[in-house]
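Read the structure below first, then the notes.
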Amino acid sequence: MSDDEQTGTRQSVTAAVLNLTGLGFGYLYLGRWRRAVLHVAAVVLLVFVAFATDAADRPWLWRGIVIIGLAWMAWDGWRLARRTDPAATMGGRVAPAMLMGGLLIALMAGGYLIYGAVGRQIYADGVTAQSQGDCVAAIPEFDIVTGPYELTLSRDVPAARENRAQCLAFVAASNAQARGAYADAAAAYREFREANPRTVLVPFVQANLMRTYTEWAGERRAAGDYPEAIRRYRDLLAEAGSGPVAVQAREEIAATLAAQATAAKEAITGGASVDLARTAVEALLTIQREFGDTTPAAQVPQALLDTYTAANVDFVNGSFCEALPVLDYFVTLPVAETAGLVATADSTRVQAMLECGFEQFRTRNYLTAIQQLDALAAAYPDSPQATQARSAIIAAKVGAESSGAEVPIPAPLGDDSPGPNPVTFYNDSPYEVRVLVAGPTAHEFILPACPDCPATYTTPDEACPTFDGRPSATLRLAPGTFYLLVGDTSDTVTKLSDLFVVSAGFEYTDCLHVEPEPSTPSLLDSPFDIPRLTPLEPVKPR
C-alpha cells in the first residue's frame, strides 16, 4: 500500500472516530462545516425530542436511534474522508486528530456513566424519603430524576415518575386533612389505597386515614353532631380492625352515644318529645347491645331510668293526653334490655289512658273519650282502670247523644251493687231494646223483645196498658240524677229521655216503647217519646 493510500485510510478512520462523538467533529476535521452544523442540529433536535417524549419510558427505542445515528455519522465521515484531499484535513495532521477523537469518546463515555450513577443516587434518595413517608422531601428528588436525568434511559426514570405521582396524591390528601377538609382527605386516602395497593406509602396512608377519621369524629362530636361523629368513629373502627386503636374506637363510639343520649334527655324541658326520648333510648340500647365491654355501658341502666323520668314530665304535670305518645313508645321496648322500665311505663300508661279519657269526658268530647277508653279496655282488660273505663264509656255514649248535658263520670262498674232504690224497666216493643243509664253509676243492658206487644199506638197514653208479660230488668240505684238512653240493638235508633232523679226511700218503674219509622233513622223524629220514670209506692225505711 502506498503512502497516500495509508494516509487516506488513516484519514477515514480519524473522521469516523471523530464523528462517533455525535458532535460532528469528523466533519470539522474534513472541513465540512455546513455538514457539521447540520448534524449537530439534528443531534440537538433528537435530544429535545427525547426529553419531550419521556425517552426513558422506551429506552431500547432511543438506544437504537443513538446507535444508528452514530453509525451513520461514522460511516458518513469515513465515506467523505475517502474523497477528501489530505491536505484539506486540519493540515493533514492525522495522529493528533485520531488521539483527540479517542479521548473525546472516552470522556463522553465516562461522563455518561457518571451521569447515570448520579441519577441513580438521586432516585435512591427519593425512594428513601418516600419509604419514610416524607413525600415533601421525595418529590424534588423525583423531579430531578425525571428532568435532567431523563437521558440516562434508566428504569429509575419511569419509576421516579410513578413515585412522584403517588407522592403528589399523598401530599394533596395530607394537605386536605391539615386544613380540616376531612371528607376530601378520607376520600383521597381511600382512592389512593385502591389505586396503589403495593406502594411503600400504604402504611402511612392507613395511619393518616385513621387519624382523619379520629379528627373528623372529634370535630363533629364537639359541634354536637353526634350521628355524624358516630359514623366516623365506626369508619375508624372498620379501618382499625383489632388492636389498641380498635379498643379506643369502641370506647369513643360508646362515649359519643352516651353524650347523644344525654343531650336528647336534657333537651326535654317543658314538654316531652317522643322523638327525643327515642333518640336517647336507642343510643343507650346501642351501647348495651354493641359496646357492652366499654366503660359507658355500665351507666346504661341508670341512664335509661333518667331518660324515662325526663320524658314522663307531662304525666307528672298532669298533662295525661300529652304524656301518652312517650308512654306508648316506652312500653314497646324490649323487656329483657330495660331492667323493669317497661313494667313501670306500662303501669303509668294505663293510668294516663284513663285520665286522658276523663279529660276528654269532662270537656264533653265524648266521642274522643269513648275512643280513648275503648283503647284502654282493649289493652288492659283485667286492670281496675278497665273497669272504670267501661263504666265511663257507657256515660260517654249517653253524653254523646245529649244536647250539652253534663253527664258525670260514674263509679266503676260493680261498685253500685246493690243500691237502695229498685228501678224496673219494661219493654213494650216487639223489638229488642238497648238501655243505657248514666249518673252516679252507669249501666247498660238489653231488654228482650215483647212479641205480643203492638208495634204502634195511636197516642202515647196507650203505651204500656199493663206490665204483665212485658220483659223487664231491675237496677238498684243510689240516690241521684240519672240520664236514660234507649234504642234498638243495632244502635241506629236512639232516644235520650229527660233526666230522672232517684230519691231515697222510693222504687221506680218505666215503660219503654221504641217505635222506629222505616224512613227515619232516629227515634228523635218518632211521634212517641219514651215515658218518664214515675215513682210508684214509697218504701218504708228500715
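In the C-alpha cells, each chain is lettered A, B, ... as it comes, each chain's residues begin at 1, and ligands are numbered from 1 in order of appearance.
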
**OP:** Can you check which residues of segment 370-454 of chain A DSSP gives as helix (DSSP H, G or I) on the backbone and send them as a ChimeraX atom specification?
**Re:** /A:370-379,384-401

With N, CA and C atoms retained, could you export that selection as a compact mmCIF listing (two decimals), in the first residue's frame?
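Output contents, as saved in result.txt:
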```
# COMPACT_ATOMS: atom_id res chain seq x y z
N ILE A 370 -114.65 8.14 74.28
CA ILE A 370 -115.00 6.73 74.02
C ILE A 370 -113.85 6.01 73.34
N GLN A 371 -113.25 6.65 72.34
CA GLN A 371 -112.13 6.02 71.63
C GLN A 371 -110.97 5.74 72.58
N GLN A 372 -110.66 6.72 73.42
CA GLN A 372 -109.54 6.56 74.35
C GLN A 372 -109.81 5.47 75.37
N LEU A 373 -111.01 5.48 75.94
CA LEU A 373 -111.35 4.50 76.96
C LEU A 373 -111.51 3.10 76.38
N ASP A 374 -112.03 3.01 75.15
CA ASP A 374 -112.08 1.71 74.46
C ASP A 374 -110.68 1.13 74.29
N ALA A 375 -109.73 1.99 73.92
CA ALA A 375 -108.35 1.52 73.74
C ALA A 375 -107.78 1.00 75.05
N LEU A 376 -108.09 1.69 76.15
CA LEU A 376 -107.63 1.23 77.46
C LEU A 376 -108.21 -0.15 77.78
N ALA A 377 -109.51 -0.29 77.61
CA ALA A 377 -110.16 -1.56 77.94
C ALA A 377 -109.62 -2.71 77.09
N ALA A 378 -109.27 -2.41 75.83
CA ALA A 378 -108.73 -3.46 74.96
C ALA A 378 -107.30 -3.83 75.35
N ALA A 379 -106.51 -2.82 75.73
CA ALA A 379 -105.10 -3.06 76.04
C ALA A 379 -104.91 -3.66 77.42
N PRO A 384 -107.97 -2.63 87.03
CA PRO A 384 -109.02 -1.83 87.67
C PRO A 384 -109.42 -0.63 86.82
N GLN A 385 -108.44 -0.08 86.09
CA GLN A 385 -108.75 1.08 85.23
C GLN A 385 -109.72 0.68 84.12
N ALA A 386 -109.64 -0.57 83.65
CA ALA A 386 -110.56 -1.01 82.60
C ALA A 386 -111.99 -1.06 83.13
N THR A 387 -112.16 -1.46 84.39
CA THR A 387 -113.49 -1.46 84.99
C THR A 387 -114.06 -0.05 85.05
N GLN A 388 -113.22 0.89 85.44
CA GLN A 388 -113.65 2.29 85.47
C GLN A 388 -113.92 2.80 84.05
N ALA A 389 -113.07 2.40 83.09
CA ALA A 389 -113.22 2.87 81.71
C ALA A 389 -114.54 2.39 81.11
N ARG A 390 -114.89 1.13 81.34
CA ARG A 390 -116.13 0.60 80.77
C ARG A 390 -117.34 1.36 81.32
N SER A 391 -117.28 1.71 82.58
CA SER A 391 -118.37 2.50 83.16
C SER A 391 -118.44 3.87 82.51
N ALA A 392 -117.28 4.51 82.34
CA ALA A 392 -117.26 5.85 81.74
C ALA A 392 -117.66 5.81 80.27
N ILE A 393 -117.40 4.71 79.58
CA ILE A 393 -117.80 4.58 78.18
C ILE A 393 -119.32 4.65 78.06
N ILE A 394 -120.01 3.96 78.97
CA ILE A 394 -121.49 3.99 78.96
C ILE A 394 -121.96 5.43 79.12
N ALA A 395 -121.37 6.13 80.11
CA ALA A 395 -121.78 7.51 80.35
C ALA A 395 -121.44 8.39 79.16
N ALA A 396 -120.29 8.15 78.51
CA ALA A 396 -119.90 8.96 77.36
C ALA A 396 -120.85 8.74 76.19
N LYS A 397 -121.33 7.51 76.01
CA LYS A 397 -122.31 7.25 74.95
C LYS A 397 -123.59 8.03 75.20
N VAL A 398 -124.01 8.06 76.47
CA VAL A 398 -125.19 8.84 76.81
C VAL A 398 -124.93 10.32 76.55
N GLY A 399 -123.78 10.78 76.99
CA GLY A 399 -123.45 12.18 76.78
C GLY A 399 -123.35 12.55 75.32
N ALA A 400 -122.84 11.64 74.49
CA ALA A 400 -122.70 11.93 73.07
C ALA A 400 -124.05 12.14 72.40
N GLU A 401 -125.13 11.50 72.95
CA GLU A 401 -126.46 11.65 72.38
C GLU A 401 -127.24 12.81 73.01
```

**OP:** Have a look at atom CA of Gln260 of chain A and atom CA of Leu284 of chain A and let me know their distance in Å, one decimal.
**Re:**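 So the answer is 8.9 Å.
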
Subject >> Atomic distance atom CA of Thr286 of chain A - atom CA of Thr256 of chain A, expressed in Å with one decimal >> reply: 11.1 Å

**OP:** Would you mind telling me which residue in A:Asp488, A:Glu359, A:Glu239, A:Asp143 lies nearest to Tyr189 of chain A when using only C-alpha atoms?
**Re:**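 Between A:Asp488, A:Glu359, A:Glu239, A:Asp143, the residue approaching Tyr189 of chain A most closely is A:Glu239.
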
**OP:** Compile the contact shell of Arg155 of chain A as an MDAnalysis selection string: residues with an atom at most 10 Å away, counting only C-alpha atoms, same-chain residues fewer than 2 positions apart removed.
**Re:** chainID A and resid 56:59 120 150 152:153 157:160

Subject >> Point-to-point distance in Å for atom CA of Thr146 of chain A and atom CA of Gly24 of chain A >> reply: 28.1 Å

**OP:** Might you pull out every residue within 12 Å of segment 193-196 of chain A, with only C-alpha atoms counted and same-chain residues fewer than 5 positions away left off, and present them as a PyMOL selection string?
**Re:** chain A and resi 162-163+165-167+169-170+173+186-188+201-209

Original post:
Given the choices A:Glu462, A:Asp382, A:Glu507, A:Asp468, which gets closest to Asn421 of chain A if the distance is worked out from only C-alpha atoms?
Top reply: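 Distance minimum relative to Asn421 of chain A lands on A:Glu507.
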
Original post:
Near Ala238 of chain A, counting only C-alpha atoms, which residues have an atom at most 12 Å away, once you skip same-chain residues fewer than 3 positions from it, shown as an MDAnalysis selection string?
Top reply: chainID A and resid 206 209:210 213 231:235 241:243 245:247 249:250

Original post:
Residues at most 10 Å from segment 15-17 of chain A, counting only C-alpha atoms, excluding those fewer than 5 positions away in the same chain, as a ChimeraX atom specification?
Top reply: /A:9-10,22,24-30,70-82,89,94,97-102,104-105

**OP:** Pick out the residues sitting within 12 Å of Val437 of chain A, and hand them over as a ChimeraX atom specification; count only C-alpha atoms, and ignore anything fewer than 5 positions along from it in its own chain.
**Re:** /A:391-399,407-408,410,423-425,442-446,474-477,480-486,496-501

Create the file for the chosen residues now, containing N, CA, C and O atoms and written as a CSV table (one decimal), in the first residue's frame.
```
chain,number,residue,atom,x,y,z
A,391,SER,N,-117.3,1.7,82.6
A,391,SER,CA,-118.4,2.5,83.2
A,391,SER,C,-118.4,3.9,82.5
A,391,SER,O,-119.5,4.4,82.1
A,392,ALA,N,-117.3,4.5,82.3
A,392,ALA,CA,-117.3,5.8,81.7
A,392,ALA,C,-117.7,5.8,80.3
A,392,ALA,O,-118.2,6.8,79.8
A,393,ILE,N,-117.4,4.7,79.6
A,393,ILE,CA,-117.8,4.6,78.2
A,393,ILE,C,-119.3,4.7,78.1
A,393,ILE,O,-119.9,5.3,77.2
A,394,ILE,N,-120.0,4.0,79.0
A,394,ILE,CA,-121.5,4.0,79.0
A,394,ILE,C,-122.0,5.4,79.1
A,394,ILE,O,-122.8,5.9,78.4
A,395,ALA,N,-121.4,6.1,80.1
A,395,ALA,CA,-121.8,7.5,80.3
A,395,ALA,C,-121.4,8.4,79.2
A,395,ALA,O,-122.2,9.3,78.8
A,396,ALA,N,-120.3,8.1,78.5
A,396,ALA,CA,-119.9,9.0,77.4
A,396,ALA,C,-120.9,8.7,76.2
A,396,ALA,O,-121.2,9.7,75.4
A,397,LYS,N,-121.3,7.5,76.0
A,397,LYS,CA,-122.3,7.2,74.9
A,397,LYS,C,-123.6,8.0,75.2
A,397,LYS,O,-124.2,8.6,74.3
A,398,VAL,N,-124.0,8.1,76.5
A,398,VAL,CA,-125.2,8.8,76.8
A,398,VAL,C,-124.9,10.3,76.6
A,398,VAL,O,-125.7,11.0,76.0
A,399,GLY,N,-123.8,10.8,77.0
A,399,GLY,CA,-123.4,12.2,76.8
A,399,GLY,C,-123.3,12.5,75.3
A,399,GLY,O,-123.7,13.7,74.9
A,407,VAL,N,-123.0,15.1,81.8
A,407,VAL,CA,-123.1,13.7,82.4
A,407,VAL,C,-121.9,13.5,83.3
A,407,VAL,O,-120.8,13.8,82.9
A,408,PRO,N,-122.1,13.1,84.6
A,408,PRO,CA,-120.9,12.9,85.4
A,408,PRO,C,-120.2,11.6,85.1
A,408,PRO,O,-120.7,10.7,84.5
A,410,PRO,N,-119.1,8.2,86.1
A,410,PRO,CA,-119.7,7.3,87.1
A,410,PRO,C,-118.6,6.5,87.9
A,410,PRO,O,-117.5,6.5,87.5
A,423,VAL,N,-135.2,0.2,90.5
A,423,VAL,CA,-135.8,0.8,89.3
A,423,VAL,C,-135.9,-0.2,88.3
A,423,VAL,O,-135.0,-0.8,87.8
A,424,THR,N,-137.2,-0.4,87.9
A,424,THR,CA,-137.5,-1.5,86.9
A,424,THR,C,-137.9,-0.9,85.6
A,424,THR,O,-138.7,0.0,85.5
A,425,PHE,N,-137.3,-1.5,84.5
A,425,PHE,CA,-137.6,-1.1,83.1
A,425,PHE,C,-138.3,-2.2,82.4
A,425,PHE,O,-137.9,-3.4,82.5
A,442,ALA,N,-123.2,3.7,86.2
A,442,ALA,CA,-123.5,3.6,84.8
A,442,ALA,C,-123.9,2.1,84.6
A,442,ALA,O,-123.3,1.2,85.2
A,443,HIS,N,-124.9,1.9,83.7
A,443,HIS,CA,-125.4,0.6,83.4
A,443,HIS,C,-125.8,0.5,81.9
A,443,HIS,O,-126.2,1.4,81.3
A,444,GLU,N,-125.6,-0.7,81.4
A,444,GLU,CA,-126.0,-1.0,80.0
A,444,GLU,C,-126.5,-2.4,80.0
A,444,GLU,O,-125.9,-3.3,80.4
A,445,PHE,N,-127.7,-2.6,79.4
A,445,PHE,CA,-128.3,-3.9,79.3
A,445,PHE,C,-129.3,-3.9,78.1
A,445,PHE,O,-129.6,-2.9,77.6
A,446,ILE,N,-129.7,-5.1,77.7
A,446,ILE,CA,-130.6,-5.3,76.6
A,446,ILE,C,-131.9,-6.0,77.2
A,446,ILE,O,-131.8,-7.0,77.8
A,474,THR,N,-134.3,-4.9,86.4
A,474,THR,CA,-134.3,-4.0,87.6
A,474,THR,C,-132.9,-3.7,88.0
A,474,THR,O,-132.0,-4.5,88.1
A,475,LEU,N,-132.7,-2.4,88.1
A,475,LEU,CA,-131.4,-1.9,88.7
A,475,LEU,C,-131.7,-1.4,90.1
A,475,LEU,O,-132.8,-0.9,90.4
A,476,ARG,N,-130.7,-1.5,90.9
A,476,ARG,CA,-130.8,-0.9,92.2
A,476,ARG,C,-129.8,0.3,92.3
A,476,ARG,O,-128.6,0.1,92.2
A,477,LEU,N,-130.3,1.5,92.3
A,477,LEU,CA,-129.6,2.7,92.1
A,477,LEU,C,-129.5,3.5,93.4
A,477,LEU,O,-130.4,3.5,94.2
A,480,GLY,N,-129.7,10.0,93.3
A,480,GLY,CA,-129.0,10.9,92.4
A,480,GLY,C,-129.7,11.1,91.1
A,480,GLY,O,-130.8,10.6,90.9
A,481,THR,N,-129.1,11.9,90.3
A,481,THR,CA,-129.7,12.2,89.0
A,481,THR,C,-129.1,11.3,87.9
A,481,THR,O,-127.9,11.2,87.8
A,482,PHE,N,-130.0,10.8,87.0
A,482,PHE,CA,-129.6,9.8,86.0
A,482,PHE,C,-130.1,10.3,84.6
A,482,PHE,O,-131.1,10.9,84.5
A,483,TYR,N,-129.4,9.9,83.6
A,483,TYR,CA,-129.8,10.0,82.2
A,483,TYR,C,-130.1,8.7,81.6
A,483,TYR,O,-129.5,7.7,82.0
A,484,LEU,N,-131.1,8.6,80.8
A,484,LEU,CA,-131.6,7.4,80.2
A,484,LEU,C,-131.4,7.5,78.7
A,484,LEU,O,-131.9,8.4,78.0
A,485,LEU,N,-130.8,6.5,78.1
A,485,LEU,CA,-130.6,6.4,76.6
A,485,LEU,C,-131.1,5.0,76.2
A,485,LEU,O,-130.7,4.0,76.7
A,486,VAL,N,-132.1,5.0,75.3
A,486,VAL,CA,-132.7,3.8,74.8
A,486,VAL,C,-132.6,3.7,73.3
A,486,VAL,O,-132.6,4.8,72.6
A,496,LEU,N,-132.7,10.0,73.9
A,496,LEU,CA,-132.3,10.3,75.2
A,496,LEU,C,-133.6,10.8,75.9
A,496,LEU,O,-134.2,11.8,75.5
A,497,SER,N,-134.0,10.2,77.0
A,497,SER,CA,-135.1,10.7,77.8
A,497,SER,C,-134.7,11.8,78.6
A,497,SER,O,-133.5,12.2,78.7
A,498,ASP,N,-135.7,12.5,79.2
A,498,ASP,CA,-135.3,13.5,80.2
A,498,ASP,C,-134.7,12.8,81.3
A,498,ASP,O,-134.8,11.7,81.6
A,499,LEU,N,-133.8,13.6,82.0
A,499,LEU,CA,-133.1,13.0,83.2
A,499,LEU,C,-134.1,12.7,84.2
A,499,LEU,O,-135.2,13.3,84.3
A,500,PHE,N,-133.8,11.8,85.1
A,500,PHE,CA,-134.7,11.5,86.2
A,500,PHE,C,-133.9,11.4,87.5
A,500,PHE,O,-132.7,11.2,87.5
A,501,VAL,N,-134.6,11.7,88.5
A,501,VAL,CA,-133.9,11.8,89.9
A,501,VAL,C,-134.4,10.6,90.7
A,501,VAL,O,-135.6,10.3,90.8
```

**OP:** Point out the residue among A:Leu236, A:Ala473, A:Ala178, A:Ala339 with the least atom-to-atom distance to Ala217 of chain A, counting only C-alpha atoms.
**Re:**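 Selected residue with least distance to Ala217 of chain A: A:Leu236.
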